[in-house]
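To be precise, the following lines are input04.cif, and they hold mmCIF, C-alpha atoms.
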```cif
data_my_file
loop_
_atom_site.label_atom_id
_atom_site.label_comp_id
_atom_site.auth_asym_id
_atom_site.auth_seq_id
_atom_site.Cartn_x
_atom_site.Cartn_y
_atom_site.Cartn_z
CA MET V 1 49.27 23.97 -15.97
CA THR V 2 46.85 25.81 -13.75
CA SER V 3 44.17 25.54 -16.39
CA THR V 4 44.78 21.80 -16.75
CA ARG V 5 44.55 21.22 -12.97
CA GLU V 6 41.37 23.23 -12.77
CA ARG V 7 39.84 21.16 -15.55
CA GLN V 8 40.86 17.95 -13.77
CA ARG V 9 39.37 19.16 -10.51
CA ALA V 10 36.16 20.21 -12.26
CA ALA V 11 35.93 16.79 -13.91
CA ALA V 12 36.52 15.06 -10.56
CA ARG V 13 33.82 17.18 -8.91
CA ALA V 14 31.41 16.36 -11.74
CA ARG V 15 32.10 12.62 -11.36
CA LEU V 16 31.57 12.83 -7.59
CA GLU V 17 28.31 14.71 -8.04
CA ARG V 18 27.07 12.12 -10.55
CA GLU V 19 27.98 9.28 -8.20
CA MET V 20 26.20 10.99 -5.30
CA ALA V 21 23.12 11.59 -7.44
CA GLU V 22 23.08 7.97 -8.56
CA ARG V 23 23.39 6.73 -4.96
CA ALA V 24 20.58 9.03 -3.88
CA ALA V 25 18.38 7.78 -6.73
CA ARG V 26 19.05 4.15 -5.77
CA ALA V 27 18.24 4.92 -2.14
CA ARG V 28 14.98 6.60 -3.15
CA LYS V 29 14.05 3.59 -5.25
CA ARG V 30 14.73 1.24 -2.32
CA ARG V 31 12.64 3.38 0.00
CA GLN V 32 9.78 3.53 -2.48
CA THR V 33 9.79 -0.25 -2.90
CA GLN V 34 10.00 -0.90 0.83
CA ALA V 35 7.22 1.59 1.47
CA ILE V 36 4.77 -0.59 -0.43
CA VAL V 37 4.93 -3.35 2.17
CA GLY V 38 7.22 -1.80 4.79
CA ALA V 39 5.72 1.64 5.35
CA GLY V 40 2.39 0.11 4.47
CA ALA V 41 2.79 -2.13 7.47
CA ALA V 42 2.09 0.92 9.63
CA LEU V 43 -1.42 0.44 8.31
CA LEU V 44 -1.20 -3.27 7.92
CA LEU V 45 0.30 -4.56 11.06
CA VAL V 46 -0.04 -2.43 14.20
CA VAL V 47 0.53 1.22 14.87
CA ALA V 48 3.75 -0.33 13.77
CA GLY V 49 6.60 2.02 14.44
CA SER V 50 5.90 2.62 18.12
CA VAL V 51 4.53 -0.72 19.25
CA TRP V 52 6.79 -3.13 17.43
CA LEU V 53 9.99 -1.16 17.56
CA ALA V 54 9.58 -0.73 21.29
CA ALA V 55 8.85 -4.43 21.61
CA SER V 56 11.88 -5.46 19.59
CA ILE V 57 14.35 -3.18 21.40
CA GLY V 58 15.72 -3.81 24.83
CA ASP V 59 14.02 -7.15 25.49
CA ASP V 60 17.21 -9.18 25.43
CA ASP V 61 16.82 -10.06 29.09
CA LYS V 62 13.64 -11.99 28.24
CA LYS V 63 15.30 -14.23 25.66
CA GLN V 64 14.91 -17.94 26.27
CA ASP V 65 17.79 -20.35 26.84
CA THR V 66 19.70 -20.64 23.58
CA ALA V 67 20.51 -24.36 23.85
CA ALA V 68 18.45 -26.55 21.51
CA ALA V 69 18.21 -30.32 21.17
CA PRO V 70 19.35 -32.01 17.93
CA GLY V 71 16.75 -31.53 15.18
CA PHE V 72 15.39 -28.44 16.92
CA VAL V 73 16.09 -24.72 16.93
CA GLN V 74 15.63 -22.14 19.64
CA CYS V 75 13.05 -19.52 18.65
CA THR V 76 12.77 -16.18 20.40
CA TRP V 77 9.33 -14.61 20.76
CA THR V 78 9.36 -10.94 21.70
CA GLU V 79 6.21 -9.93 23.53
CA VAL V 80 4.51 -6.61 22.86
CA PRO V 81 4.34 -4.82 26.23
CA LYS V 82 0.82 -4.99 27.63
CA GLU V 83 0.56 -1.23 27.99
CA GLN V 84 1.24 -0.85 24.25
CA ARG V 85 -1.29 -3.39 22.98
CA THR V 86 -4.30 -2.11 21.11
CA LYS V 87 -7.61 -3.97 20.97
CA GLU V 88 -6.55 -5.28 17.56
CA ILE V 89 -3.78 -7.30 19.24
CA LYS V 90 -4.97 -10.83 20.05
CA ASP V 91 -3.20 -12.62 22.90
CA VAL V 92 -3.10 -16.40 22.46
CA GLY V 93 0.08 -17.02 24.42
CA LEU V 94 3.50 -17.93 23.06
CA PRO V 95 4.64 -20.94 21.05
CA ALA V 96 7.21 -23.19 22.71
CA ALA V 97 10.79 -21.93 22.52
CA GLN V 98 12.25 -25.11 20.99
CA GLN V 99 10.84 -26.01 17.59
CA PRO V 100 11.63 -28.69 14.98
CA ASN V 101 13.68 -27.67 11.96
CA THR V 102 13.11 -30.74 9.79
CA GLY V 103 10.22 -31.94 7.64
CA THR V 104 7.52 -30.13 5.71
CA GLN V 105 4.01 -29.00 6.56
CA THR V 106 0.87 -28.22 4.62
CA LEU V 107 -0.72 -24.86 5.37
CA THR V 108 -4.39 -24.75 4.43
CA PHE V 109 -6.72 -21.78 4.27
CA ASP V 110 -10.32 -22.89 3.88
CA THR V 111 -11.92 -19.77 2.42
CA ASN V 112 -15.39 -18.75 1.32
CA LEU V 113 -14.11 -19.10 -2.27
CA GLY V 114 -12.44 -22.50 -1.80
CA PRO V 115 -9.23 -23.92 -0.29
CA ILE V 116 -5.78 -22.39 -0.71
CA THR V 117 -2.82 -24.60 0.23
CA ALA V 118 0.90 -24.03 0.62
CA LYS V 119 3.98 -26.14 1.30
CA VAL V 120 6.07 -25.00 4.27
CA ASP V 121 9.65 -26.23 4.72
CA ARG V 122 10.64 -26.19 8.38
CA SER V 123 14.34 -26.43 7.52
CA VAL V 124 14.36 -22.88 6.14
CA ALA V 125 11.67 -21.11 8.21
CA PRO V 126 11.31 -23.16 11.41
CA CYS V 127 10.22 -20.36 13.74
CA THR V 128 7.70 -18.84 11.32
CA ALA V 129 6.29 -22.32 10.68
CA ALA V 130 6.06 -22.87 14.43
CA SER V 131 4.24 -19.58 14.88
CA PHE V 132 1.67 -20.49 12.22
CA THR V 133 1.22 -23.93 13.78
CA HIS V 134 0.57 -22.29 17.14
CA LEU V 135 -1.80 -19.68 15.71
CA ALA V 136 -3.71 -22.32 13.75
CA SER V 137 -4.18 -24.41 16.90
CA LYS V 138 -5.77 -21.36 18.58
CA GLY V 139 -8.14 -20.55 15.70
CA PHE V 140 -6.33 -17.24 15.45
CA LEU V 141 -7.26 -16.39 11.85
CA ASP V 142 -10.55 -18.25 11.60
CA ASN V 143 -13.28 -16.07 10.05
CA THR V 144 -10.92 -13.22 9.15
CA LYS V 145 -10.83 -11.30 5.87
CA CYS V 146 -7.90 -10.59 3.58
CA HIS V 147 -7.88 -6.84 4.00
CA ARG V 148 -5.54 -5.58 1.27
CA LEU V 149 -4.97 -6.16 -2.42
CA VAL V 150 -2.33 -4.46 -4.57
CA THR V 151 -2.90 -4.75 -8.31
CA GLU V 152 -0.07 -2.48 -9.48
CA GLY V 153 3.61 -3.05 -8.89
CA ILE V 154 4.03 -5.75 -6.28
CA LYS V 155 0.80 -7.75 -6.99
CA VAL V 156 -0.01 -9.17 -3.57
CA LEU V 157 -3.04 -10.24 -1.56
CA GLN V 158 -2.48 -9.51 2.13
CA CYS V 159 -4.20 -11.31 5.00
CA GLY V 160 -3.52 -12.31 8.60
CA ASP V 161 -5.13 -9.60 10.74
CA PRO V 162 -7.20 -11.31 13.48
CA SER V 163 -9.28 -8.15 13.92
CA ALA V 164 -10.41 -7.92 10.26
CA THR V 165 -13.77 -9.58 10.76
CA GLY V 166 -17.48 -8.92 10.27
CA LYS V 167 -19.27 -6.87 7.68
CA GLY V 168 -17.71 -3.90 5.93
CA TRP V 169 -14.31 -2.36 6.59
CA ARG V 170 -12.86 -0.34 9.46
CA ASP V 171 -9.93 2.07 9.60
CA THR V 172 -8.16 -0.34 11.94
CA ASP V 173 -8.31 -3.28 9.53
CA GLY V 174 -4.74 -4.28 8.82
CA THR V 175 -3.38 -3.15 12.19
CA GLY V 176 -3.83 -6.41 14.12
CA GLY V 177 -1.61 -9.31 15.03
CA PRO V 178 -0.55 -11.57 17.92
CA SER V 179 0.94 -10.30 21.17
CA TYR V 180 4.44 -11.33 20.11
CA ARG V 181 6.89 -10.66 17.28
CA MET V 182 9.71 -12.73 15.81
CA ALA V 183 12.85 -12.27 13.74
CA GLU V 184 12.73 -12.53 9.96
CA GLU V 185 14.15 -15.72 8.42
CA ASN V 186 14.59 -17.35 5.00
CA LEU V 187 15.12 -14.00 3.27
CA PRO V 188 15.46 -14.53 -0.52
CA THR V 189 18.57 -12.41 -0.95
CA ASP V 190 19.95 -14.71 -3.67
CA LYS V 191 16.71 -14.98 -5.70
CA ARG V 192 15.69 -12.91 -8.74
CA PRO V 193 12.99 -11.88 -8.40
CA PRO V 194 13.03 -12.31 -4.62
CA TYR V 195 9.26 -12.88 -4.54
CA PRO V 196 8.04 -14.73 -7.63
CA GLU V 197 4.43 -15.63 -8.31
CA GLY V 198 3.14 -18.30 -5.94
CA VAL V 199 5.22 -17.33 -2.90
CA ILE V 200 3.61 -16.78 0.50
CA ALA V 201 5.66 -14.38 2.63
CA MET V 202 5.36 -12.44 5.87
CA ALA V 203 4.64 -8.72 6.12
CA ASN V 204 6.47 -6.62 8.69
CA SER V 205 6.69 -3.03 9.89
CA GLY V 206 9.96 -2.30 8.14
CA GLN V 207 11.91 -2.76 11.38
CA PRO V 208 13.99 -5.89 12.08
CA GLY V 209 12.23 -8.45 14.26
CA SER V 210 8.73 -7.13 13.55
CA THR V 211 7.17 -10.17 11.86
CA GLY V 212 3.76 -11.05 13.28
CA SER V 213 0.84 -12.92 11.72
CA GLN V 214 0.17 -10.90 8.59
CA PHE V 215 1.25 -12.44 5.32
CA PHE V 216 0.92 -11.85 1.60
CA ILE V 217 0.39 -14.17 -1.34
CA VAL V 218 2.24 -13.07 -4.46
CA TYR V 219 0.21 -13.53 -7.65
CA GLY V 220 2.71 -11.88 -10.02
CA ASP V 221 6.50 -11.58 -9.80
CA SER V 222 7.19 -8.76 -7.33
CA PRO V 223 10.22 -6.41 -7.20
CA LEU V 224 10.21 -6.17 -3.40
CA ASP V 225 13.51 -5.98 -1.56
CA ALA V 226 14.38 -9.25 0.21
CA ASN V 227 13.28 -8.09 3.67
CA TYR V 228 10.28 -10.36 4.21
CA THR V 229 10.31 -13.96 5.45
CA VAL V 230 9.39 -16.51 2.80
CA LEU V 231 7.07 -18.95 4.57
CA GLY V 232 6.41 -21.29 1.64
CA ASN V 233 4.96 -21.79 -1.81
CA ILE V 234 1.33 -22.02 -2.87
CA THR V 235 0.45 -25.52 -4.08
CA GLY V 236 -3.26 -25.02 -4.76
CA GLY V 237 -5.82 -22.24 -5.01
CA MET V 238 -3.88 -19.67 -7.03
CA ASP V 239 -6.94 -19.49 -9.28
CA ILE V 240 -8.84 -18.16 -6.26
CA VAL V 241 -6.23 -15.48 -5.61
CA ASN V 242 -6.32 -14.53 -9.28
CA GLN V 243 -10.13 -14.22 -9.15
CA VAL V 244 -9.81 -11.77 -6.27
CA ALA V 245 -7.06 -9.85 -8.05
CA LYS V 246 -9.07 -9.63 -11.26
CA ALA V 247 -11.98 -8.03 -9.38
CA GLY V 248 -9.68 -5.21 -8.25
CA ASP V 249 -9.45 -3.12 -5.09
CA ASP V 250 -11.25 -0.05 -3.75
CA GLY V 251 -8.12 2.14 -3.52
CA ALA V 252 -8.44 2.63 0.24
CA TYR V 253 -4.65 2.50 0.76
CA ALA V 254 -3.64 4.14 -2.50
CA LYS V 255 -2.28 7.33 -0.93
CA GLN V 256 -0.30 5.54 1.80
CA ALA V 257 0.89 2.01 1.08
CA GLY V 258 -0.77 1.22 -2.24
CA GLY V 259 -3.82 -0.82 -3.17
CA GLY V 260 -7.00 -1.15 -1.16
CA HIS V 261 -9.58 -3.59 0.14
CA PRO V 262 -10.40 -6.40 -2.29
CA LYS V 263 -13.69 -5.77 -4.09
CA LYS V 264 -14.26 -9.53 -4.14
CA GLU V 265 -14.36 -10.45 -0.47
CA ILE V 266 -12.22 -13.41 0.60
CA VAL V 267 -12.62 -14.80 4.11
CA ILE V 268 -10.35 -17.34 5.80
CA GLU V 269 -12.98 -19.53 7.44
CA LYS V 270 -10.35 -21.83 8.97
CA MET V 271 -6.55 -22.09 8.95
CA THR V 272 -4.76 -25.38 9.63
CA MET V 273 -1.16 -26.59 9.67
CA SER V 274 -0.56 -30.32 9.22
CA GLU V 275 2.37 -32.64 8.56
CA ALA V 276 2.91 -33.07 4.82
CA GLN V 277 2.26 -36.57 3.54
CA GLY V 278 4.88 -38.57 1.65
#
```
Translate this structure into structure tokens?
Amino acid sequence: MTSTRERQRAAARARLEREMAERAARARKRRQTQAIVGAGAALLLVVAGSVWLAASIGDDDKKQDTAAAPGFVQCTWTEVPKEQRTKEIKDVGLPAAQQPNTGTQTLTFDTNLGPITAKVDRSVAPCTAASFTHLASKGFLDNTKCHRLVTEGIKVLQCGDPSATGKGWRDTDGTGGPSYRMAEENLPTDKRPPYPEGVIAMANSGQPGSTGSQFFIVYGDSPLDANYTVLGNITGGMDIVNQVAKAGDDGAYAKQAGGGHPKKEIVIEKMTMSEAQG
């Protein structure tokens, strides 16, 4: 009997150890996937951990009135404290708190390589759409470069840093954004893959409520975890994104977040948001 009990206990311990190992492996896989865009956002969005986490914590007393009129939602914009803003942070004020949550918009990037357009549905991402409408009205991303391309794994072209301008590249490229952050919305938790080819989604720092202005265009189905706001779907110009992807990247971010600067430069000469027709 003793021998039998010992064998049963040994078998139970072995099962527990296998289960723990499997859970640890899954956790490592999640962290590795999130690191591509999440940890990479430390490069891509703003000295991310300190600035955005501090901005997103403890600012509840600044939240706007939560009542919204019919056909509108109440958006909360969390300002980055002035003492924590780097020169890569561009202050263009805040969008209005109440924003429409019906209808569709056309997002257009007029680039040096041609126009890229996307359809944005306000019913699923009203606050992100409102932010882009506000930023477009301020010329926020005019004459900025897409600073990061990943050609292995997630297959994304990342843009949206207002400080990524001029000739050549700087170490700070990919660390800029507006002086406010917002909560993530329209997360594709029920989609497989979550980010298929043709999606335009928002980068973040890996912390909740850290979405700014940086976004990525997916040019090949990506196995990212569903932690990034889906803003819309590309309706024109994917051939341009594919041209940039085909030219490759310089590997500048290979050791940290993956990828590098696009070898074929793509510049957003003007960004506009307009009401969709029809």
### Given all atoms listed in the file as the counted atoms, nearest of V:Val156, V:Ala254, V:Met202, V:Leu149 to Pro223 (chain V)
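Selected residue with least distance to Pro223 (chain V): V:Val156.
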Let me know the centre plus edge lengths, in Å and rounded to one decimal, of a box with edges along x, y and z that contains all listed atoms of region 145-160 of chain V and is padded by 8 Å on every side, as lines of an AutoDock Vina configuration file.
```
center_x = -3.4
center_y = -7.4
center_z = -0.4
size_x = 30.9
size_y = 25.8
size_z = 34.1
```
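CA of Gln158 (chain V) is positioned 12.8 Å from CA of Leu141 (chain V).
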### Message
Once the PyMOL selection byres ((chain V and resi 181) around 9) has been evaluated on this model, what residues remain selected, and can you format them as a ChimeraX atom specification?
### Response
/V:52,55-56,76-80,177-180,182-183,209-213
### Task
Excluding Leu113 (chain V) and any residue of its chain fewer than 3 positions from it, enumerate the residues within 10 Å of it, using only C-alpha atoms, and give them as a VMD selection string.
chain V and resid 110 116 237 240 to 241 243 to 244 264 to 269
### Task
Rank V:Thr175, V:Asn101, V:Thr133, V:Thr229 by their smallest atom-to-atom distance to Ala201 (chain V), using all atoms listed in the file, and report the top residue only.
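Residue with the minimum atom-to-atom distance to Ala201 (chain V): V:Thr229.
What separates CA of Ile217 (chain V) from CA of Phe109 (chain V) is a distance of 11.8 Å.
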### Task
Please provide as an MDAnalysis selection string all residues within 10 Å of Val73 (chain V), with the sequence filter that same-chain residues fewer than 2 positions apart are discarded (counting only C-alpha atoms).
chainID V and resid 66:71 75:76 97:102 123 126:127
### Query
Looking at V:Ile234, V:Ala226, V:Met271, V:Val218, which one is nearest to Thr151 (chain V), with distances taken over all atoms listed in the file?
V:Val218
### Query
Using the chain letters and numbers from the file, which residues does the PyMOL selection byres ((chain V and resi 94) around 8) grab, as a PyMOL selection string?
chain V and resi 77+92-93+95-96+134+180
### Task
Have a look at V:Asn143, V:Ser222, V:Ser274, V:Ser137 and name the one nearest to Arg122 (chain V); count only C-alpha atoms.
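So, comparing all the options, the nearest one is V:Ser274.
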As a PDB file, keeping the file's coordinate frame, please: region 107-118 of chain V completed to all heavy atoms.
```pdb
ATOM      1  N   LEU V 107       0.086 -25.961   4.844  1.00  0.00           N
ATOM      2  CA  LEU V 107      -0.720 -24.860   5.370  1.00  0.00           C
ATOM      3  C   LEU V 107      -1.968 -24.752   4.511  1.00  0.00           C
ATOM      4  O   LEU V 107      -1.874 -24.662   3.284  1.00  0.00           O
ATOM      5  CB  LEU V 107       0.092 -23.560   5.303  1.00  0.00           C
ATOM      6  CG  LEU V 107      -0.636 -22.242   5.570  1.00  0.00           C
ATOM      7  CD1 LEU V 107      -1.242 -22.215   6.956  1.00  0.00           C
ATOM      8  CD2 LEU V 107       0.332 -21.067   5.384  1.00  0.00           C
ATOM      9  N   THR V 108      -3.129 -24.798   5.163  1.00  0.00           N
ATOM     10  CA  THR V 108      -4.390 -24.750   4.430  1.00  0.00           C
ATOM     11  C   THR V 108      -5.255 -23.608   4.930  1.00  0.00           C
ATOM     12  O   THR V 108      -5.464 -23.456   6.134  1.00  0.00           O
ATOM     13  CB  THR V 108      -5.176 -26.072   4.584  1.00  0.00           C
ATOM     14  OG1 THR V 108      -4.363 -27.157   4.120  1.00  0.00           O
ATOM     15  CG2 THR V 108      -6.463 -26.036   3.764  1.00  0.00           C
ATOM     16  N   PHE V 109      -5.722 -22.799   3.982  1.00  0.00           N
ATOM     17  CA  PHE V 109      -6.720 -21.780   4.270  1.00  0.00           C
ATOM     18  C   PHE V 109      -8.023 -22.231   3.620  1.00  0.00           C
ATOM     19  O   PHE V 109      -8.124 -22.258   2.385  1.00  0.00           O
ATOM     20  CB  PHE V 109      -6.317 -20.422   3.698  1.00  0.00           C
ATOM     21  CG  PHE V 109      -5.000 -19.907   4.202  1.00  0.00           C
ATOM     22  CD1 PHE V 109      -3.884 -19.871   3.360  1.00  0.00           C
ATOM     23  CD2 PHE V 109      -4.863 -19.453   5.497  1.00  0.00           C
ATOM     24  CE1 PHE V 109      -2.673 -19.396   3.804  1.00  0.00           C
ATOM     25  CE2 PHE V 109      -3.641 -18.972   5.963  1.00  0.00           C
ATOM     26  CZ  PHE V 109      -2.546 -18.951   5.112  1.00  0.00           C
ATOM     27  N   ASP V 110      -8.994 -22.604   4.422  1.00  0.00           N
ATOM     28  CA  ASP V 110     -10.320 -22.890   3.880  1.00  0.00           C
ATOM     29  C   ASP V 110     -11.060 -21.561   3.807  1.00  0.00           C
ATOM     30  O   ASP V 110     -11.367 -20.957   4.837  1.00  0.00           O
ATOM     31  CB  ASP V 110     -11.065 -23.883   4.782  1.00  0.00           C
ATOM     32  CG  ASP V 110     -10.488 -25.287   4.690  1.00  0.00           C
ATOM     33  OD1 ASP V 110     -10.254 -25.753   3.570  1.00  0.00           O
ATOM     34  OD2 ASP V 110     -10.255 -25.907   5.747  1.00  0.00           O
ATOM     35  N   THR V 111     -11.305 -21.077   2.600  1.00  0.00           N
ATOM     36  CA  THR V 111     -11.920 -19.770   2.420  1.00  0.00           C
ATOM     37  C   THR V 111     -13.340 -19.893   1.885  1.00  0.00           C
ATOM     38  O   THR V 111     -13.754 -20.969   1.442  1.00  0.00           O
ATOM     39  CB  THR V 111     -11.096 -18.886   1.451  1.00  0.00           C
ATOM     40  OG1 THR V 111     -11.399 -19.250   0.104  1.00  0.00           O
ATOM     41  CG2 THR V 111      -9.600 -19.018   1.701  1.00  0.00           C
ATOM     42  N   ASN V 112     -14.044 -18.789   1.888  1.00  0.00           N
ATOM     43  CA  ASN V 112     -15.390 -18.750   1.320  1.00  0.00           C
ATOM     44  C   ASN V 112     -15.395 -18.996  -0.180  1.00  0.00           C
ATOM     45  O   ASN V 112     -16.433 -19.300  -0.764  1.00  0.00           O
ATOM     46  CB  ASN V 112     -16.053 -17.407   1.629  1.00  0.00           C
ATOM     47  CG  ASN V 112     -15.285 -16.235   1.036  1.00  0.00           C
ATOM     48  OD1 ASN V 112     -14.055 -16.169   1.119  1.00  0.00           O
ATOM     49  ND2 ASN V 112     -16.000 -15.287   0.436  1.00  0.00           N
ATOM     50  N   LEU V 113     -14.223 -18.892  -0.822  1.00  0.00           N
ATOM     51  CA  LEU V 113     -14.110 -19.100  -2.270  1.00  0.00           C
ATOM     52  C   LEU V 113     -13.481 -20.449  -2.612  1.00  0.00           C
ATOM     53  O   LEU V 113     -13.343 -20.783  -3.783  1.00  0.00           O
ATOM     54  CB  LEU V 113     -13.276 -17.968  -2.892  1.00  0.00           C
ATOM     55  CG  LEU V 113     -13.785 -16.540  -2.655  1.00  0.00           C
ATOM     56  CD1 LEU V 113     -12.822 -15.531  -3.255  1.00  0.00           C
ATOM     57  CD2 LEU V 113     -15.183 -16.365  -3.228  1.00  0.00           C
ATOM     58  N   GLY V 114     -13.078 -21.213  -1.581  1.00  0.00           N
ATOM     59  CA  GLY V 114     -12.440 -22.500  -1.800  1.00  0.00           C
ATOM     60  C   GLY V 114     -11.110 -22.576  -1.061  1.00  0.00           C
ATOM     61  O   GLY V 114     -10.628 -21.584  -0.509  1.00  0.00           O
ATOM     62  N   PRO V 115     -10.478 -23.755  -1.038  1.00  0.00           N
ATOM     63  CA  PRO V 115      -9.230 -23.920  -0.290  1.00  0.00           C
ATOM     64  C   PRO V 115      -8.001 -23.367  -1.012  1.00  0.00           C
ATOM     65  O   PRO V 115      -7.893 -23.450  -2.231  1.00  0.00           O
ATOM     66  CB  PRO V 115      -9.128 -25.439  -0.123  1.00  0.00           C
ATOM     67  CG  PRO V 115      -9.838 -25.990  -1.328  1.00  0.00           C
ATOM     68  CD  PRO V 115     -10.960 -25.035  -1.618  1.00  0.00           C
ATOM     69  N   ILE V 116      -7.099 -22.811  -0.226  1.00  0.00           N
ATOM     70  CA  ILE V 116      -5.780 -22.390  -0.710  1.00  0.00           C
ATOM     71  C   ILE V 116      -4.762 -23.141   0.137  1.00  0.00           C
ATOM     72  O   ILE V 116      -4.839 -23.124   1.371  1.00  0.00           O
ATOM     73  CB  ILE V 116      -5.574 -20.876  -0.563  1.00  0.00           C
ATOM     74  CG1 ILE V 116      -6.608 -20.108  -1.397  1.00  0.00           C
ATOM     75  CG2 ILE V 116      -4.161 -20.473  -0.991  1.00  0.00           C
ATOM     76  CD1 ILE V 116      -6.574 -18.596  -1.174  1.00  0.00           C
ATOM     77  N   THR V 117      -3.817 -23.823  -0.505  1.00  0.00           N
ATOM     78  CA  THR V 117      -2.820 -24.600   0.230  1.00  0.00           C
ATOM     79  C   THR V 117      -1.414 -24.151  -0.108  1.00  0.00           C
ATOM     80  O   THR V 117      -1.154 -23.599  -1.185  1.00  0.00           O
ATOM     81  CB  THR V 117      -2.958 -26.109  -0.085  1.00  0.00           C
ATOM     82  OG1 THR V 117      -2.806 -26.314  -1.493  1.00  0.00           O
ATOM     83  CG2 THR V 117      -4.311 -26.638   0.356  1.00  0.00           C
ATOM     84  N   ALA V 118      -0.506 -24.386   0.835  1.00  0.00           N
ATOM     85  CA  ALA V 118       0.900 -24.030   0.620  1.00  0.00           C
ATOM     86  C   ALA V 118       1.789 -25.071   1.283  1.00  0.00           C
ATOM     87  O   ALA V 118       1.421 -25.680   2.288  1.00  0.00           O
ATOM     88  CB  ALA V 118       1.204 -22.651   1.198  1.00  0.00           C
TER      89      ALA V 118
END
```
